Number of protein chains: 2
Amino acid sequence: MDLKQYLAARATEVDAALDAFLPKAKEKPATIHGAMRYAVFAGGKRLRPILCLAAAEACGGDPEDALAPACAVEVLHTYSLVHDDLPCMDDDDLRRGRPTCHKVYGEGMAVLTGDALLTEAFLMVAQTRPAKRYPAAAYVAELALAGSSTKLIGGQVMDLEGEGKKLTKAQLVKIHEAKTAALLTTSIRLGAMTANATEKQLEGLTVFGRALGLAFQVIDDILDVTQSTEVLGKTAGKDAAVEKATYPSILGLEKSRKEAAKLTQEAMDALVPFKNKAQRLREIAEYLLKREY
Amino acid sequence: MDLKQYLAARATEVDAALDAFLPKAKEKPATIHGAMRYAVFAGGKRLRPILCLAAAEACGGDPEDALAPACAVEVLHTYSLVHDDLPCMDDDDLRRGRPTCHKVYGEGMAVLTGDALLTEAFLMVAQTRPAKRYPAAAYVAELALAGSSTKLIGGQVMDLEGEGKKLTKAQLVKIHEAKTAALLTTSIRLGAMTANATEKQLEGLTVFGRALGLAFQVIDDILDVTQSTEVLGKTAGKDAAVEKATYPSILGLEKSRKEAAKLTQEAMDALVPFKNKAQRLREIAEYLLKREY
């Protein structure tokens, strides 16, 4: 199976699991269940859950065991998008080529939809089968920390507070570590934990996740400058419009590209001890570096 | 110790535990940690956590073991207030006699503050020590279900969708079961679970929690009509202003008072098998029925 087929197969598997985990669209009150599914089934790449499954493989585990946390990270990621898009936050009308949740369902319902997805994520992660080294509570704590006020939410706070201000590269890295790298790293760690990873394996994958997450965000910043709204499926040029500090605005495009390549190499190096078992993680990292949307 | 002293002592205990669990106000980014503490330390009665601790006692457990879930339910309750007060939801300026979170910190930060509190609640509940009958995941699932799109959030959805419409008593009960009774019941169940309650004990306390939660909401509706904003610490007459269906608007004041008394009796009956151990739960239920604010 080449990477494209692998990604498609894994995404299908994740979608089926998400469909089974989420409340049915008809369940009452139907509005919110429709809205939750509208947000989750919007054609995302399922990058985080696929990384979770691939990390389980890399540690010699059965990816099947990682499906519950894989769905949990995707649903938590989706909640953060729904809330970030709100008029009182980033105020975005488009997401993955479709109107954002509050555009379709109204602001109040979009707040509740995000809340419900966040809650659902913990219901999902609580269903993870404990491994020898990792009791059930460890998965919940891992997810909650990644989503907390010092990581995912903290990153969004720093992002909001940094708008219109001149940031240093170090400050920008801090925002991206919190806002993007933390949840990517946790996706990978959760998968590894289901495979009963050793402490050393978990450390290696943490380095991999951080570097990959930062590389991912640098590339996102580059694409926001170089690609059209049509290609991105979300409003292009948004960062510059709100005077948001980005890698290209601080380092310029060429240096940003080199930074992404350097981070990707750092990620690759962290995978060396995993040998062939990390082949999929390697391919995914390469694929993310070369992506154009 | 009389009830007043008991409630004060328990509230102090809960406040100390909340202070220890929550990120320090100075932790970066400081804005959100200040906002989280502003919302949590607003002079609430700590009803839910106290019920959690009293339920542990009623099942012969050590209330100390119930502190983590007790704090979790309070923090989850606080998140729901922060989001419910938002301009795109109930649009309220006052809460517990002080400006609401978005009035002080702005709308975007209030959304993030609620999100962070919800996430923190799961970090707290994950720290519950498992009992013989209840593994760690059971506490997380119990809390997540109570806060989900069919319970707490579902109730708010039904509430928003019901504004300006004529509801039946049955529909109103459904909203209150979801919006108020579910989290009260879960507060009690979580405490009982830490005390390794039997299935029968848990069933009895579930009946108690539902009846108490409904009684609590009927009384809230009555007070909204009969008390001033000054006494309530939140905007009085709000329900009528937005044409929200309430017990008094459907049944009238007198019948509403009788309904509250009937529900309280139902709650008391469910406590009979617990004998003396449920004395505090009984006193709390009585106190809630007689409250005037």
# chains A, B, ... in the order shown; residues from 1 in each chain; ligands from 1

call {"tool": "residues_around", "arguments": {"residues": "Glu177 (chain B)", "least_positions_apart": "2", "cutoff": "9 Å", "atoms": "only C-alpha atoms", "output": "number ranges by chain"}}
result
B: 151-152, 155, 172-175, 179-182, 210, 213-214

call {"tool": "select_by_dssp", "arguments": {"residues": "region 3-244 of chain A", "states": "helix (DSSP H, G or I)", "output": "PyMOL selection string"}}
result
chain A and resi 3-21+30-40+47-58+63-84+101-105+107-125+136-146+152-162+169-194+199-226+229-232+238-241

call {"tool": "atom_distance", "arguments": {"atom1": "CA of Leu123 (chain B)", "atom2": "CA of Gln171 (chain A)"}}
result
26.9 Å

call {"tool": "interface_residues", "arguments": {"of": "chain B", "to": "chain A", "cutoff": "8 Å", "atoms": "only C-alpha atoms", "output": "PyMOL selection string"}}
result
chain B and resi 28-29+32-33+83+88-89+107-109+111-112+115-116+118-120+122-123+126-127+136-138+140-141+144-145+147-150+153-154+157-158

call {"tool": "atom_distance", "arguments": {"atom1": "CA of Ile219 (chain B)", "atom2": "CA of Leu76 (chain B)"}}
result
22.0 Å

call {"tool": "closest_residue", "arguments": {"among": "B:Asp91, B:Lys45, B:Ala25, B:Gly237", "to": "Lys4 (chain B)", "atoms": "only C-alpha atoms"}}
result
B:Lys45

call {"tool": "closest_residue", "arguments": {"among": "B:Lys166, B:Leu271, B:Ala54, B:Ala192", "to": "Tyr6 (chain B)", "atoms": "only C-alpha atoms"}}
result
B:Ala54

call {"tool": "closest_residue", "arguments": {"among": "A:Asp2, A:Asp65, A:Glu199, A:Glu74", "to": "Thr186 (chain A)", "atoms": "only C-alpha atoms"}}
result
A:Glu74
